[in-house]
Amino acid sequence: MIPNTDMFHKALRLCAWAHYGQVTKFGDPYVTHPVAASYEIMAAAAAGEDFDTDLAVICSILHDVVEKSDVTLYSIKKDFGKRVADGVGALTKKSDIIESEQLRESLMRILEQPKEVAMAKLADRISSMLPPPLDWTKEKIETITRNGEMIYNMLGEASPYLSKRLKDKIEFYKRVVEKRS
């Protein structure tokens, strides 16, 4: 299915506005992260996987806007519909839960959504696992690796293509840890 380019552009504009001035943990303009995640979704579609491309792409573009800006789920529902708002809501970590449980709790909510939301989370993690900078500690890399494994184990069935991509990133991070030991 060819994505709805008007909806993609609308989501991209909101994403760029919501993340204006923010940077990733790698120092890049933050908007590069959700755009890279959406590209992973489009690559899965190009690889022949069958899914609602619009839902997966829009959720991947908007996955951090509620968590990292003043954008609300209400406004997302109004502008993109209930399915997107529900997906973004599941992808949003709850700040009232202790940090060590936030990811698992979010993954449990993602499992209640259509597979496209799980695909957005897989794509999110893939695009978050660029080669780790030299100043990152071994512990930080190990934590990112463990979280990647949890995502892979809980959501991997949503997409063979994205699961393989994430598995490859996890293996790369493990090799980095071995080299730094």
# chains A, B, ... in the order shown; residues from 1 in each chain; ligands from 1
call {"tool": "closest_atom_pairs", "arguments": {"of": "stretch 68-176 of chain A", "to": "stretch 9-24 of chain A", "cutoff": "8 Å", "atoms": "only C-alpha atoms", "output": "CSV"}}
result
residue,atom,partner,partner_atom,distance
A:Lys68,CA,A:His19,CA,7.3
A:Ser69,CA,A:Ala18,CA,5.6
A:Asp70,CA,A:Ala18,CA,7.3
A:Val71,CA,A:Ala18,CA,6.9
call {"tool": "residues_around", "arguments": {"residues": "stretch 73-86 of chain A", "least_positions_apart": "3", "cutoff": "12 Å", "atoms": "only C-alpha atoms", "output": "PyMOL selection string"}}
result
chain A and resi 4+6-11+14-15+18+52-67+69-70+89-92+109-117+120
call {"tool": "write_last_selection", "arguments": {"atoms": "N, CA and C atoms", "output": "compact mmCIF listing (two decimals), in the first residue's frame"}}
result
# COMPACT_ATOMS: atom_id res chain seq x y z
N ASN A 4 -0.32 7.46 2.65
CA ASN A 4 -1.03 8.71 2.42
C ASN A 4 -0.02 9.84 2.62
N ASP A 6 -0.19 13.05 2.16
CA ASP A 6 -0.68 14.24 2.86
C ASP A 6 -0.66 14.04 4.38
N MET A 7 -1.07 12.86 4.83
CA MET A 7 -1.06 12.58 6.26
C MET A 7 0.39 12.50 6.76
N PHE A 8 1.27 11.89 5.98
CA PHE A 8 2.68 11.81 6.35
C PHE A 8 3.25 13.21 6.53
N HIS A 9 2.98 14.08 5.58
CA HIS A 9 3.50 15.45 5.65
C HIS A 9 2.94 16.18 6.87
N LYS A 10 1.67 16.00 7.14
CA LYS A 10 1.04 16.62 8.31
C LYS A 10 1.71 16.12 9.60
N ALA A 11 1.94 14.82 9.68
CA ALA A 11 2.60 14.24 10.86
C ALA A 11 4.04 14.73 10.98
N LEU A 14 4.10 18.26 12.36
CA LEU A 14 3.83 18.26 13.80
C LEU A 14 5.07 17.76 14.56
N CYS A 15 5.66 16.70 14.07
CA CYS A 15 6.86 16.13 14.69
C CYS A 15 7.99 17.16 14.74
N ALA A 18 7.08 19.82 17.29
CA ALA A 18 7.11 19.30 18.67
C ALA A 18 8.54 19.09 19.16
N ASP A 52 -0.96 -2.14 7.60
CA ASP A 52 -1.51 -0.80 7.38
C ASP A 52 -0.35 0.20 7.46
N THR A 53 0.18 0.52 6.30
CA THR A 53 1.37 1.38 6.22
C THR A 53 1.12 2.73 6.88
N ASP A 54 -0.05 3.32 6.62
CA ASP A 54 -0.33 4.64 7.19
C ASP A 54 -0.27 4.61 8.72
N LEU A 55 -0.91 3.63 9.34
CA LEU A 55 -0.92 3.56 10.79
C LEU A 55 0.50 3.39 11.33
N ALA A 56 1.26 2.49 10.76
CA ALA A 56 2.62 2.24 11.24
C ALA A 56 3.53 3.45 11.03
N VAL A 57 3.46 4.06 9.86
CA VAL A 57 4.33 5.21 9.55
C VAL A 57 3.96 6.41 10.43
N ILE A 58 2.69 6.72 10.56
CA ILE A 58 2.28 7.90 11.34
C ILE A 58 2.60 7.68 12.82
N CYS A 59 2.36 6.49 13.33
CA CYS A 59 2.73 6.21 14.73
C CYS A 59 4.23 6.33 14.94
N SER A 60 5.02 5.89 13.96
CA SER A 60 6.47 5.99 14.12
C SER A 60 6.94 7.44 14.08
N ILE A 61 6.33 8.26 13.26
CA ILE A 61 6.68 9.68 13.19
C ILE A 61 6.30 10.40 14.49
N LEU A 62 5.15 10.05 15.05
CA LEU A 62 4.62 10.76 16.22
C LEU A 62 4.93 10.08 17.55
N HIS A 63 5.69 9.00 17.55
CA HIS A 63 5.81 8.17 18.75
C HIS A 63 6.33 8.90 19.99
N ASP A 64 7.09 9.96 19.84
CA ASP A 64 7.65 10.67 20.99
C ASP A 64 7.04 12.05 21.25
N VAL A 65 6.09 12.50 20.43
CA VAL A 65 5.64 13.88 20.56
C VAL A 65 4.91 14.15 21.88
N VAL A 66 4.15 13.20 22.39
CA VAL A 66 3.44 13.42 23.66
C VAL A 66 4.44 13.39 24.81
N GLU A 67 5.35 12.44 24.76
CA GLU A 67 6.33 12.26 25.83
C GLU A 67 7.32 13.41 25.92
N SER A 69 6.99 16.71 24.41
CA SER A 69 6.52 18.06 24.06
C SER A 69 5.17 18.32 24.73
N ASP A 70 4.58 19.44 24.36
CA ASP A 70 3.26 19.81 24.89
C ASP A 70 2.10 19.25 24.07
N GLY A 89 -0.46 6.71 22.21
CA GLY A 89 -0.63 6.58 23.66
C GLY A 89 0.08 5.35 24.21
N ALA A 90 0.00 4.24 23.50
CA ALA A 90 0.68 3.02 23.94
C ALA A 90 2.19 3.17 23.85
N LEU A 91 2.67 3.90 22.87
CA LEU A 91 4.10 4.11 22.68
C LEU A 91 4.69 5.11 23.68
N THR A 92 3.83 5.85 24.34
CA THR A 92 4.26 6.88 25.29
C THR A 92 4.45 6.26 26.67
N ARG A 109 1.13 -2.42 26.89
CA ARG A 109 0.05 -1.67 26.24
C ARG A 109 0.15 -1.78 24.72
N ILE A 110 1.36 -1.80 24.19
CA ILE A 110 1.57 -1.95 22.74
C ILE A 110 1.01 -3.29 22.27
N LEU A 111 1.18 -4.33 23.07
CA LEU A 111 0.67 -5.66 22.70
C LEU A 111 -0.85 -5.69 22.57
N GLU A 112 -1.54 -4.73 23.15
CA GLU A 112 -2.99 -4.65 23.04
C GLU A 112 -3.44 -3.90 21.78
N GLN A 113 -2.50 -3.35 21.05
CA GLN A 113 -2.77 -2.56 19.85
C GLN A 113 -2.57 -3.41 18.59
N PRO A 114 -2.97 -2.87 17.44
CA PRO A 114 -2.66 -3.57 16.18
C PRO A 114 -1.15 -3.73 16.00
N LYS A 115 -0.74 -4.71 15.21
CA LYS A 115 0.68 -5.01 15.03
C LYS A 115 1.47 -3.81 14.51
N GLU A 116 0.82 -2.89 13.84
CA GLU A 116 1.51 -1.71 13.30
C GLU A 116 2.14 -0.86 14.40
N VAL A 117 1.51 -0.85 15.58
CA VAL A 117 2.06 -0.09 16.71
C VAL A 117 3.32 -0.78 17.22
N ALA A 120 6.02 0.09 14.94
CA ALA A 120 6.55 1.43 15.20
C ALA A 120 7.56 1.39 16.34
call {"tool": "select_by_dssp", "arguments": {"residues": "stretch 1-78 of chain A", "states": "alpha helix (DSSP H)", "output": "MDAnalysis selection string"}}
result
chainID A and resid 5:18 32:46 53:62 65:68 73:78
call {"tool": "closest_residue", "arguments": {"among": "A:Ser163, A:Ser181, A:Ser128, A:Thr143", "to": "A:Gly27", "atoms": "only C-alpha atoms"}}
result
A:Ser128
call {"tool": "residues_around", "arguments": {"residues": "stretch 149-157 of chain A", "least_positions_apart": "5", "cutoff": "9 Å", "atoms": "only C-alpha atoms", "output": "count of residues only"}}
result
19
